[in-house]
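Structure file protein.tsv (TSV, C-alpha atoms (C1' of nucleotides)) follows.
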```tsv
chain	number	residue	atom	x	y	z
N	286	MET	CA	111.62	127.06	80.91
N	287	ALA	CA	109.45	126.10	77.99
N	288	SER	CA	106.30	127.84	79.26
N	289	ASN	CA	103.83	125.34	77.85
N	290	SER	CA	100.63	127.31	77.64
N	291	PRO	CA	97.82	124.74	77.48
N	292	SER	CA	97.02	124.79	73.79
N	293	THR	CA	96.30	128.43	72.94
N	294	SER	CA	93.89	127.21	70.33
N	295	LYS	CA	93.16	129.77	67.68
N	296	ASP	CA	91.81	127.32	65.16
N	297	GLY	CA	88.07	127.11	64.91
N	298	ASP	CA	87.32	123.79	66.58
N	299	GLY	CA	84.96	125.03	69.25
N	300	ALA	CA	85.53	124.24	72.95
N	301	GLN	CA	87.76	121.14	72.68
N	302	GLN	CA	90.13	122.41	75.36
N	303	ASN	CA	92.60	119.65	74.70
N	304	LEU	CA	94.51	119.75	77.96
N	305	ARG	CA	97.48	117.59	78.77
N	306	ILE	CA	97.73	115.48	81.90
N	307	GLY	CA	100.15	117.84	83.61
N	308	ASP	CA	97.87	120.80	83.01
N	309	VAL	CA	94.90	118.90	84.40
N	310	ALA	CA	96.90	117.89	87.45
N	311	ARG	CA	97.83	121.49	88.16
N	312	ILE	CA	94.30	122.68	87.60
N	313	VAL	CA	92.64	120.27	90.00
N	314	GLY	CA	95.54	120.17	92.42
N	315	THR	CA	96.92	116.67	92.13
N	316	THR	CA	99.62	114.78	90.24
N	317	PRO	CA	99.71	113.06	86.84
N	318	ARG	CA	100.38	109.80	88.62
N	319	THR	CA	97.12	110.05	90.53
N	320	ILE	CA	95.18	110.78	87.37
N	321	ARG	CA	96.71	107.78	85.60
N	322	TYR	CA	96.00	105.67	88.67
N	323	TYR	CA	92.35	106.67	88.67
N	324	GLU	CA	92.16	105.74	85.03
N	325	GLU	CA	93.89	102.45	85.78
N	326	ILE	CA	91.37	101.40	88.44
N	327	GLY	CA	88.44	102.51	86.33
N	328	LEU	CA	87.45	105.57	88.32
N	329	LEU	CA	87.57	107.70	85.20
N	330	ALA	CA	85.34	105.26	83.32
N	331	GLN	CA	86.06	106.22	79.75
N	332	ALA	CA	89.77	106.58	79.09
N	333	PRO	CA	90.62	109.98	77.68
N	334	ALA	CA	91.40	110.57	74.03
N	335	ARG	CA	95.00	110.31	72.88
N	336	ARG	CA	96.73	112.20	70.21
N	337	SER	CA	98.91	110.63	67.54
N	338	GLY	CA	101.90	110.38	69.86
N	339	GLY	CA	99.92	108.59	72.53
N	340	HIS	CA	99.67	111.48	74.98
N	341	ARG	CA	96.41	111.70	76.89
N	342	THR	CA	94.26	114.69	76.15
N	343	TYR	CA	91.45	115.94	78.36
N	344	THR	CA	88.32	117.96	77.78
N	345	ALA	CA	86.88	120.46	80.21
N	346	ALA	CA	84.14	117.97	81.04
N	347	GLU	CA	86.71	115.37	82.01
N	348	VAL	CA	88.44	117.87	84.26
N	349	GLU	CA	85.12	118.53	85.92
N	350	ARG	CA	84.58	114.85	86.40
N	351	LEU	CA	87.96	114.51	88.05
N	352	ARG	CA	87.20	117.43	90.33
N	353	GLU	CA	83.97	115.80	91.42
N	354	ILE	CA	85.75	112.53	92.06
N	355	MET	CA	88.29	114.21	94.28
N	356	ARG	CA	85.58	116.04	96.11
N	357	LEU	CA	83.68	112.85	96.85
N	358	ARG	CA	86.89	111.09	97.76
N	359	ASP	CA	87.59	113.75	100.36
N	360	LEU	CA	84.07	114.07	101.72
N	361	LEU	CA	82.68	110.55	101.81
N	362	GLY	CA	84.73	108.18	103.89
N	363	ILE	CA	84.85	105.38	101.35
N	364	THR	CA	87.48	103.52	99.36
N	365	LEU	CA	88.14	104.38	95.74
N	366	ASP	CA	86.61	101.06	94.86
N	367	GLU	CA	83.34	101.89	96.56
N	368	LEU	CA	83.48	105.31	94.96
N	369	ARG	CA	83.90	103.64	91.60
N	370	ALA	CA	80.73	101.68	92.21
N	371	LEU	CA	78.86	104.82	93.14
N	372	LEU	CA	80.06	106.63	90.06
N	373	ALA	CA	79.21	103.69	87.88
N	374	ALA	CA	75.67	104.29	89.00
N	375	GLU	CA	76.00	107.94	88.14
N	376	ASP	CA	77.32	107.01	84.75
N	377	ALA	CA	74.24	104.92	84.25
N	378	ARG	CA	72.32	108.12	84.85
N	379	ALA	CA	74.35	109.82	82.17
N	380	GLU	CA	73.40	106.99	79.88
N	381	VAL	CA	69.79	107.57	80.81
N	382	ARG	CA	70.03	111.24	80.00
N	383	ALA	CA	71.51	110.41	76.62
N	384	GLN	CA	68.68	107.98	75.92
N	385	LEU	CA	66.11	110.49	77.09
N	386	ARG	CA	67.42	113.19	74.80
N	387	ARG	CA	66.46	111.02	71.87
N	388	ASP	CA	62.77	111.42	71.52
N	389	ASP	CA	62.03	108.02	70.09
N	390	VAL	CA	61.94	105.97	73.29
N	391	ASP	CA	58.52	104.94	74.46
N	392	PRO	CA	57.16	106.33	77.75
N	393	ALA	CA	57.28	103.00	79.53
N	394	ARG	CA	61.00	102.68	78.89
N	395	ARG	CA	61.53	106.32	79.83
N	396	ARG	CA	59.84	105.78	83.13
N	397	GLU	CA	61.86	102.68	83.74
N	398	LEU	CA	65.12	104.53	83.11
N	399	LEU	CA	64.16	107.48	85.25
N	400	THR	CA	63.10	105.30	88.14
N	401	GLU	CA	66.36	103.45	87.97
N	402	ALA	CA	68.25	106.74	87.99
N	403	LEU	CA	66.23	107.88	90.96
N	404	GLY	CA	67.31	104.78	92.82
N	405	HIS	CA	70.95	105.62	92.22
N	406	ILE	CA	70.48	109.15	93.44
N	407	ASP	CA	68.69	107.92	96.52
N	408	ARG	CA	71.52	105.61	97.46
N	409	GLN	CA	74.05	108.39	97.15
N	410	LEU	CA	71.82	110.78	99.01
N	411	GLU	CA	71.34	108.32	101.85
N	412	LEU	CA	75.09	108.03	102.27
N	413	VAL	CA	75.65	111.76	102.17
N	414	ARG	CA	72.74	112.48	104.49
N	415	ARG	CA	73.97	110.11	107.15
N	416	ARG	CA	77.43	111.60	107.15
N	417	ALA	CA	76.16	115.15	107.01
N	418	ALA	CA	73.89	114.47	109.96
N	419	GLU	CA	76.67	112.91	112.01
N	420	LEU	CA	78.99	115.79	111.27
N	421	ALA	CA	76.32	118.31	112.11
N	422	LYS	CA	75.80	116.59	115.43
N	423	LEU	CA	79.50	116.68	116.15
N	424	GLN	CA	79.56	120.35	115.25
N	425	ASP	CA	76.71	121.08	117.62
N	426	GLU	CA	78.42	119.28	120.45
N	427	LEU	CA	81.61	121.22	119.88
N	428	SER	CA	79.73	124.50	119.71
N	429	GLU	CA	78.10	123.70	123.02
N	430	THR	CA	81.45	122.98	124.63
N	431	ARG	CA	82.77	126.22	123.20
N	432	LYS	CA	79.88	128.19	124.60
N	433	ARG	CA	80.49	126.81	128.07
N	434	ALA	CA	84.17	127.72	127.90
N	435	LYS	CA	83.40	131.23	126.77
N	436	ARG	CA	80.85	131.69	129.53
N	437	LYS	CA	83.39	130.62	132.11
N	438	ILE	CA	85.88	133.13	130.80
N	439	ARG	CA	83.32	135.90	130.87
N	440	GLU	CA	82.44	135.05	134.44
N	441	LEU	CA	86.07	135.19	135.38
N	442	ASP	CA	86.48	138.54	133.67
N	443	ALA	CA	83.43	139.90	135.40
N	444	ARG	CA	84.81	139.04	138.81
N	445	ALA	CA	88.19	140.49	137.81
N	446	SER	CA	86.76	143.82	136.70
N	447	ALA	CA	84.86	143.94	139.97
N	448	THR	CA	88.05	143.45	141.96
N	449	PHE	CA	90.25	145.78	139.91
N	450	PRO	CA	88.97	149.06	138.57
N	451	PRO	CA	87.93	148.69	134.90
N	452	ALA	CA	91.49	148.41	133.57
N	453	ARG	CA	90.45	146.95	130.22
N	454	LEU	CA	92.05	143.51	130.28
N	455	ALA	CA	92.54	141.72	126.99
N	456	ARG	CA	89.33	140.12	125.79
N	457	ALA	CA	88.90	136.39	125.23
N	458	GLY	CA	88.79	134.65	121.83
N	459	GLY	CA	87.95	136.35	118.54
N	460	GLU	CA	84.58	136.03	116.83
N	461	ASP	CA	81.68	135.08	118.97
P	279	MET	CA	82.38	77.99	125.28
P	280	ALA	CA	83.68	79.57	128.46
P	281	SER	CA	81.06	82.34	128.56
P	282	ASN	CA	83.35	85.02	129.91
P	283	SER	CA	80.99	87.52	131.43
P	284	PRO	CA	82.98	90.77	131.68
P	285	SER	CA	83.74	90.81	135.38
P	286	THR	CA	80.42	90.49	137.15
P	287	SER	CA	81.86	92.52	139.98
P	288	LYS	CA	80.00	92.07	143.20
P	289	ASP	CA	82.71	93.48	145.43
P	290	GLY	CA	82.16	97.03	146.57
P	291	ASP	CA	84.64	98.98	144.49
P	292	GLY	CA	82.20	101.32	142.78
P	293	ALA	CA	82.05	101.60	138.97
P	294	GLN	CA	85.48	100.19	138.01
P	295	GLN	CA	84.07	98.17	135.14
P	296	ASN	CA	87.32	96.39	134.54
P	297	LEU	CA	86.77	95.26	130.98
P	298	ARG	CA	89.22	93.18	129.01
P	299	ILE	CA	90.47	94.14	125.58
P	300	GLY	CA	88.29	91.65	123.76
P	301	ASP	CA	85.18	92.91	125.51
P	302	VAL	CA	86.04	96.47	124.63
P	303	ALA	CA	86.64	95.52	121.02
P	304	ARG	CA	83.24	93.87	120.78
P	305	ILE	CA	81.54	96.77	122.49
P	306	VAL	CA	82.88	99.47	120.22
P	307	GLY	CA	82.96	97.31	117.12
P	308	THR	CA	86.62	96.83	116.36
P	309	THR	CA	89.44	94.36	117.03
P	310	PRO	CA	91.90	93.98	119.90
P	311	ARG	CA	94.70	94.57	117.42
P	312	THR	CA	93.34	97.99	116.54
P	313	ILE	CA	93.05	98.95	120.20
P	314	ARG	CA	96.63	97.89	120.87
P	315	TYR	CA	97.72	99.75	117.77
P	316	TYR	CA	96.05	102.94	118.93
P	317	GLU	CA	97.79	102.58	122.24
P	318	GLU	CA	101.07	101.96	120.44
P	319	ILE	CA	100.89	105.16	118.41
P	320	GLY	CA	99.79	107.20	121.39
P	321	LEU	CA	96.19	107.76	120.39
P	322	LEU	CA	94.99	106.43	123.71
P	323	ALA	CA	97.31	108.74	125.62
P	324	GLN	CA	97.45	107.02	128.98
P	325	ALA	CA	98.01	103.30	128.67
P	326	PRO	CA	95.29	101.32	130.42
P	327	ALA	CA	95.81	99.64	133.77
P	328	ARG	CA	97.06	96.07	133.83
P	329	ARG	CA	96.27	93.37	136.26
P	330	SER	CA	98.85	91.15	137.88
P	331	GLY	CA	99.10	88.92	134.85
P	332	GLY	CA	99.76	91.81	132.52
P	333	HIS	CA	96.38	91.82	130.82
P	334	ARG	CA	95.04	95.26	129.93
P	335	THR	CA	91.96	96.37	131.79
P	336	TYR	CA	89.66	99.18	130.69
P	337	THR	CA	87.27	101.47	132.48
P	338	ALA	CA	84.00	102.74	131.05
P	339	ALA	CA	85.62	106.13	130.53
P	340	GLU	CA	88.34	104.57	128.43
P	341	VAL	CA	85.75	102.80	126.33
P	342	GLU	CA	84.03	106.12	125.79
P	343	ARG	CA	87.30	107.67	124.76
P	344	LEU	CA	87.88	104.93	122.22
P	345	ARG	CA	84.39	105.41	120.84
P	346	GLU	CA	85.01	109.09	120.37
P	347	ILE	CA	88.31	108.39	118.66
P	348	MET	CA	86.66	106.05	116.20
P	349	ARG	CA	83.92	108.53	115.58
P	350	LEU	CA	86.37	111.30	114.76
P	351	ARG	CA	88.46	108.92	112.70
P	352	ASP	CA	85.42	108.13	110.57
P	353	LEU	CA	84.06	111.66	110.30
P	354	LEU	CA	87.07	113.90	109.91
P	355	GLY	CA	89.22	113.01	106.95
P	356	ILE	CA	92.54	113.08	108.75
P	357	THR	CA	95.34	110.67	109.57
P	358	LEU	CA	95.58	109.04	112.98
P	359	ASP	CA	98.64	111.15	113.57
P	360	GLU	CA	96.74	114.37	113.01
P	361	LEU	CA	93.95	113.01	115.14
P	362	ARG	CA	96.45	112.31	117.86
P	363	ALA	CA	97.53	115.94	117.76
P	364	LEU	CA	93.93	117.08	118.00
P	365	LEU	CA	93.26	114.82	120.93
P	366	ALA	CA	96.43	115.92	122.65
P	367	ALA	CA	94.88	119.36	122.63
P	368	GLU	CA	91.69	117.93	124.08
P	369	ASP	CA	93.70	116.20	126.76
P	370	ALA	CA	95.21	119.53	127.62
P	371	ARG	CA	91.64	120.67	128.19
P	372	ALA	CA	91.09	117.76	130.53
P	373	GLU	CA	94.19	118.87	132.38
P	374	VAL	CA	92.70	122.32	132.54
P	375	ARG	CA	89.48	121.02	133.99
P	376	ALA	CA	91.42	119.13	136.62
P	377	GLN	CA	93.35	122.25	137.53
P	378	LEU	CA	90.18	124.28	137.61
P	379	ARG	CA	88.48	121.90	139.97
P	380	ARG	CA	91.11	122.72	142.53
P	381	ASP	CA	90.12	126.05	143.93
P	382	ASP	CA	93.59	127.30	144.78
P	383	VAL	CA	94.67	128.55	141.35
P	384	ASP	CA	94.73	132.30	140.94
P	385	PRO	CA	92.28	133.89	138.49
P	386	ALA	CA	95.02	135.03	136.11
P	387	ARG	CA	96.19	131.42	135.66
P	388	ARG	CA	92.61	130.23	135.38
P	389	ARG	CA	91.94	132.66	132.60
P	390	GLU	CA	95.11	131.65	130.86
P	391	LEU	CA	94.13	127.98	130.95
P	392	LEU	CA	90.61	128.61	129.80
P	393	THR	CA	91.72	130.76	126.90
P	394	GLU	CA	94.14	128.10	125.81
P	395	ALA	CA	91.39	125.51	125.98
P	396	LEU	CA	89.15	127.76	123.94
P	397	GLY	CA	91.81	127.93	121.27
P	398	HIS	CA	91.87	124.15	121.05
P	399	ILE	CA	88.13	123.98	120.73
P	400	ASP	CA	88.17	126.61	118.04
P	401	ARG	CA	90.67	124.73	115.95
P	402	GLN	CA	88.59	121.57	116.13
P	403	LEU	CA	85.42	123.47	115.45
P	404	GLU	CA	86.91	125.13	112.39
P	405	LEU	CA	87.81	121.75	110.96
P	406	VAL	CA	84.41	120.26	111.64
P	407	ARG	CA	82.59	123.32	110.36
P	408	ARG	CA	84.37	123.29	107.05
P	409	ARG	CA	83.64	119.65	106.44
P	410	ALA	CA	80.07	119.94	107.63
P	411	ALA	CA	79.49	122.86	105.29
P	412	GLU	CA	80.97	121.05	102.31
P	413	LEU	CA	78.90	117.97	102.99
P	414	ALA	CA	75.78	120.03	103.43
P	415	LYS	CA	76.42	121.64	100.06
P	416	LEU	CA	76.88	118.25	98.46
P	417	GLN	CA	73.66	117.08	100.05
P	418	ASP	CA	71.79	120.08	98.70
P	419	GLU	CA	73.07	119.48	95.22
P	420	LEU	CA	72.02	115.85	95.34
P	421	SER	CA	68.60	116.78	96.67
P	422	GLU	CA	68.17	119.18	93.80
P	423	THR	CA	69.07	116.51	91.29
P	424	ARG	CA	66.65	114.17	92.95
P	425	LYS	CA	63.86	116.69	92.79
P	426	ARG	CA	64.36	117.16	89.08
P	427	ALA	CA	64.27	113.42	88.50
P	428	LYS	CA	61.07	113.05	90.49
P	429	ARG	CA	59.44	115.90	88.64
P	430	LYS	CA	60.24	114.28	85.33
P	431	ILE	CA	58.71	111.03	86.46
P	432	ARG	CA	55.58	112.79	87.64
P	433	GLU	CA	55.25	114.56	84.30
P	434	LEU	CA	55.58	111.26	82.54
P	435	ASP	CA	52.93	109.70	84.77
P	436	ALA	CA	50.61	112.61	84.21
P	437	ARG	CA	50.77	112.17	80.46
P	438	ALA	CA	50.29	108.44	80.84
P	439	SER	CA	47.16	108.74	82.97
P	440	ALA	CA	45.83	111.19	80.39
P	441	THR	CA	46.35	108.67	77.62
P	442	PHE	CA	45.10	105.62	79.48
P	443	PRO	CA	42.08	105.78	81.76
P	444	PRO	CA	43.16	106.16	85.43
P	445	ALA	CA	44.38	102.58	85.82
P	446	ARG	CA	46.42	103.25	88.94
P	447	LEU	CA	49.98	102.60	87.78
P	448	ALA	CA	52.64	101.94	90.36
P	449	ARG	CA	53.95	105.14	91.91
P	450	ALA	CA	57.56	106.32	91.73
P	451	GLY	CA	60.11	106.20	94.57
P	452	GLY	CA	59.25	105.92	98.24
P	453	GLU	CA	59.46	108.84	100.65
P	454	ASP	CA	59.35	112.29	99.14
Y	135	DG	C1'	94.50	71.38	138.42
Y	136	DT	C1'	93.32	70.89	133.95
Y	137	DT	C1'	91.59	72.96	129.95
Y	138	DG	C1'	90.08	76.00	126.46
Y	139	DA	C1'	89.39	80.73	125.64
Y	140	DT	C1'	91.67	84.94	125.92
Y	141	DC	C1'	95.56	87.54	126.71
Y	142	DT	C1'	100.76	88.99	126.01
Y	143	DT	C1'	104.72	90.53	122.83
Y	144	DT	C1'	107.22	90.18	118.56
Y	145	DA	C1'	107.35	90.27	113.94
Y	146	DC	C1'	106.31	89.79	109.44
Y	147	DG	C1'	102.37	90.25	105.80
Y	148	DT	C1'	98.76	93.00	103.36
Y	149	DT	C1'	95.87	96.47	101.18
Y	150	DC	C1'	95.15	101.00	99.66
Y	151	DA	C1'	96.56	105.02	97.40
Y	152	DC	C1'	99.60	106.63	95.49
Y	153	DG	C1'	105.34	108.11	94.95
Y	154	DT	C1'	109.41	107.29	92.44
Y	155	DC	C1'	112.72	105.66	89.23
Y	156	DA	C1'	114.08	103.95	84.61
Y	157	DA	C1'	114.12	103.79	79.76
Y	158	DC	C1'	112.17	105.73	76.07
Y	159	DT	C1'	109.12	108.82	72.99
Y	160	DT	C1'	106.63	113.02	71.93
Y	161	DT	C1'	105.88	117.88	71.94
Y	162	DC	C1'	107.07	122.54	71.57
Y	163	DG	C1'	109.48	126.90	71.66
Y	164	DA	C1'	113.76	129.00	70.13
S	36	DT	C1'	116.16	121.23	63.76
S	37	DC	C1'	117.31	120.62	68.13
S	38	DG	C1'	117.13	120.35	73.05
S	39	DA	C1'	114.60	120.76	77.24
S	40	DA	C1'	110.18	119.78	79.19
S	41	DA	C1'	106.60	116.80	79.50
S	42	DG	C1'	104.55	112.52	78.25
S	43	DT	C1'	104.45	107.12	77.94
S	44	DT	C1'	104.56	102.33	80.14
S	45	DG	C1'	106.36	99.24	83.35
S	46	DA	C1'	107.96	98.16	87.77
S	47	DC	C1'	109.24	98.58	92.27
S	48	DG	C1'	108.99	101.47	96.75
S	49	DT	C1'	106.34	103.57	100.66
S	50	DG	C1'	103.48	105.16	104.59
S	51	DA	C1'	99.29	104.40	106.90
S	52	DA	C1'	96.36	101.31	109.23
S	53	DC	C1'	95.85	97.57	110.48
S	54	DG	C1'	95.78	91.67	109.76
S	55	DT	C1'	97.87	87.48	110.96
S	56	DA	C1'	100.78	83.93	112.72
S	57	DA	C1'	103.84	82.21	116.41
S	58	DA	C1'	105.07	81.05	121.03
S	59	DG	C1'	103.94	81.51	125.13
S	60	DA	C1'	101.42	83.29	129.71
S	61	DT	C1'	96.96	84.03	132.11
S	62	DC	C1'	92.21	83.68	133.21
S	63	DA	C1'	87.63	81.65	134.24
S	64	DA	C1'	85.12	77.64	134.83
S	65	DC	C1'	84.75	72.94	135.87
```
As structure tokens:
Amino acid sequence: MASNSPSTSKDGDGAQQNLRIGDVARIVGTTPRTIRYYEEIGLLAQAPARRSGGHRTYTAAEVERLREIMRLRDLLGITLDELRALLAAEDARAEVRAQLRRDDVDPARRRELLTEALGHIDRQLELVRRRAAELAKLQDELSETRKRAKRKIRELDARASATFPPARLARAGGED
Amino acid sequence: MASNSPSTSKDGDGAQQNLRIGDVARIVGTTPRTIRYYEEIGLLAQAPARRSGGHRTYTAAEVERLREIMRLRDLLGITLDELRALLAAEDARAEVRAQLRRDDVDPARRRELLTEALGHIDRQLELVRRRAAELAKLQDELSETRKRAKRKIRELDARASATFPPARLARAGGED
DNA sequence: GTTGATCTTTACGTTCACGTCAACTTTCGA
DNA sequence: TCGAAAGTTGACGTGAACGTAAAGATCAAC
């Protein structure tokens, strides 16, 4: 065991976490292969920095990005290609933010950029809203079914405790 | 064009819709291949009736079942195999309902069946709840981001209309 | 009873999202 | 400095969820 602690940096270079691909994989709960694959198909947009030997090195921000990607992958029911398109839009927003931080862009251009960004957000939001609504509906339906089942059991128990003296039979399911 | 109307039944056999696989596919928005595949892997549980020639024939209930399957397939992020397991549980519930309709089962057995059914529902509900919650959270986050973007645009517009006389510039995004 | 659309089974092909193996290099702790 | 662990780029393999093509049987309408 070589116990590779992920760069116990003691040198004063700020917050450049400098993680290796295996560390990142463990952190976000996936495999190096998957991370390389996402880079390969352009999901990770900018390829990570390399060090002299050619090994990929990741910043905390990149880890966050990967986490978000995996989250969206799991929640939205879309292909990685569609997800890539969506994130490309989000990257455009990042570009916008960078532009906006510089104070020398004229208001007309600023507005243009912001409006464009808003469009991207709206498209994502539409997607998420639809799915969230559908899932909520499904949840409601299931809850209803559950209620009916519980009521039936209670009715049955009521009749039973009327027949037998209150002998404390085991209750139904757990939380109500 | 042979204009195959799906069995314009005029004979008095009630509501036995008697749809063919192609009709069903069109109705629910999929392909015959997919329907056969679902039957093959046991997602459809009971194979549909056949007529003398061997052609599959579907009832309205079976179409409904297929619709539900596709809905769950799209909403829950699970494999068809896992879905099959889930639906097997639901089928057990159907069995329960059938048993319960007959009045000659003793209350102890009834309770047993109902409790089992409740367990199945709970497992499904847990799954759906988790996903619904996660999606709701994602939706909230996106809404927040959207709000901030809109606010920025409004601020920009406010400054603009202070600089220029109120010349009625085009407003930002659509619905608020 | 012919015909064209639709069905049947069988079987191989395909796409997506990775897994896995090979050959080799780099990194890191002892 | 040295050896094990982890990284690198190919390249091929794999399971899931179907698509597609072939060869034939059946169905609905004329």
Would you list the contacts of N:Arg341 as a count of residues only, taking every protein, DNA or RNA residue within 8 Å and counting only C-alpha atoms (C1' of nucleotides), but skipping same-chain residues closer than 5 positions in sequence? 6
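Taking only C-alpha atoms (C1' of nucleotides), the non-local environment of N:Glu429 within 12 Å (same-chain residues fewer than 5 positions away omitted) comprises Lys422, Leu423, Gln424, Ala434, Lys435 and Arg436 of chain N; Leu396, Ile399, Asp400 and Leu403 of chain P.
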Give me the residues near Y:DA145 as an NGL selection string, where near means some atom within 12 Å (using all atoms listed in the file) and where sequence neighbours in that chain fewer than 6 positions away do not count. :S and (55-58)
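Closest approach to Y:DT161 among N:Thr430, N:Arg321, N:Gly339, N:Val309: N:Gly339, based on all atoms listed in the file.
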Given all atoms listed in the file as the basis, pick out the residue of Y:DT154, Y:DT143, Y:DT149, Y:DT136 nearest to chain P. Y:DT143
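Within 8 Å of chain N, and using only C-alpha atoms (C1' of nucleotides), the residues found on chain S are DA39, DA40, DA41, DG42 and DT43 of chain S.
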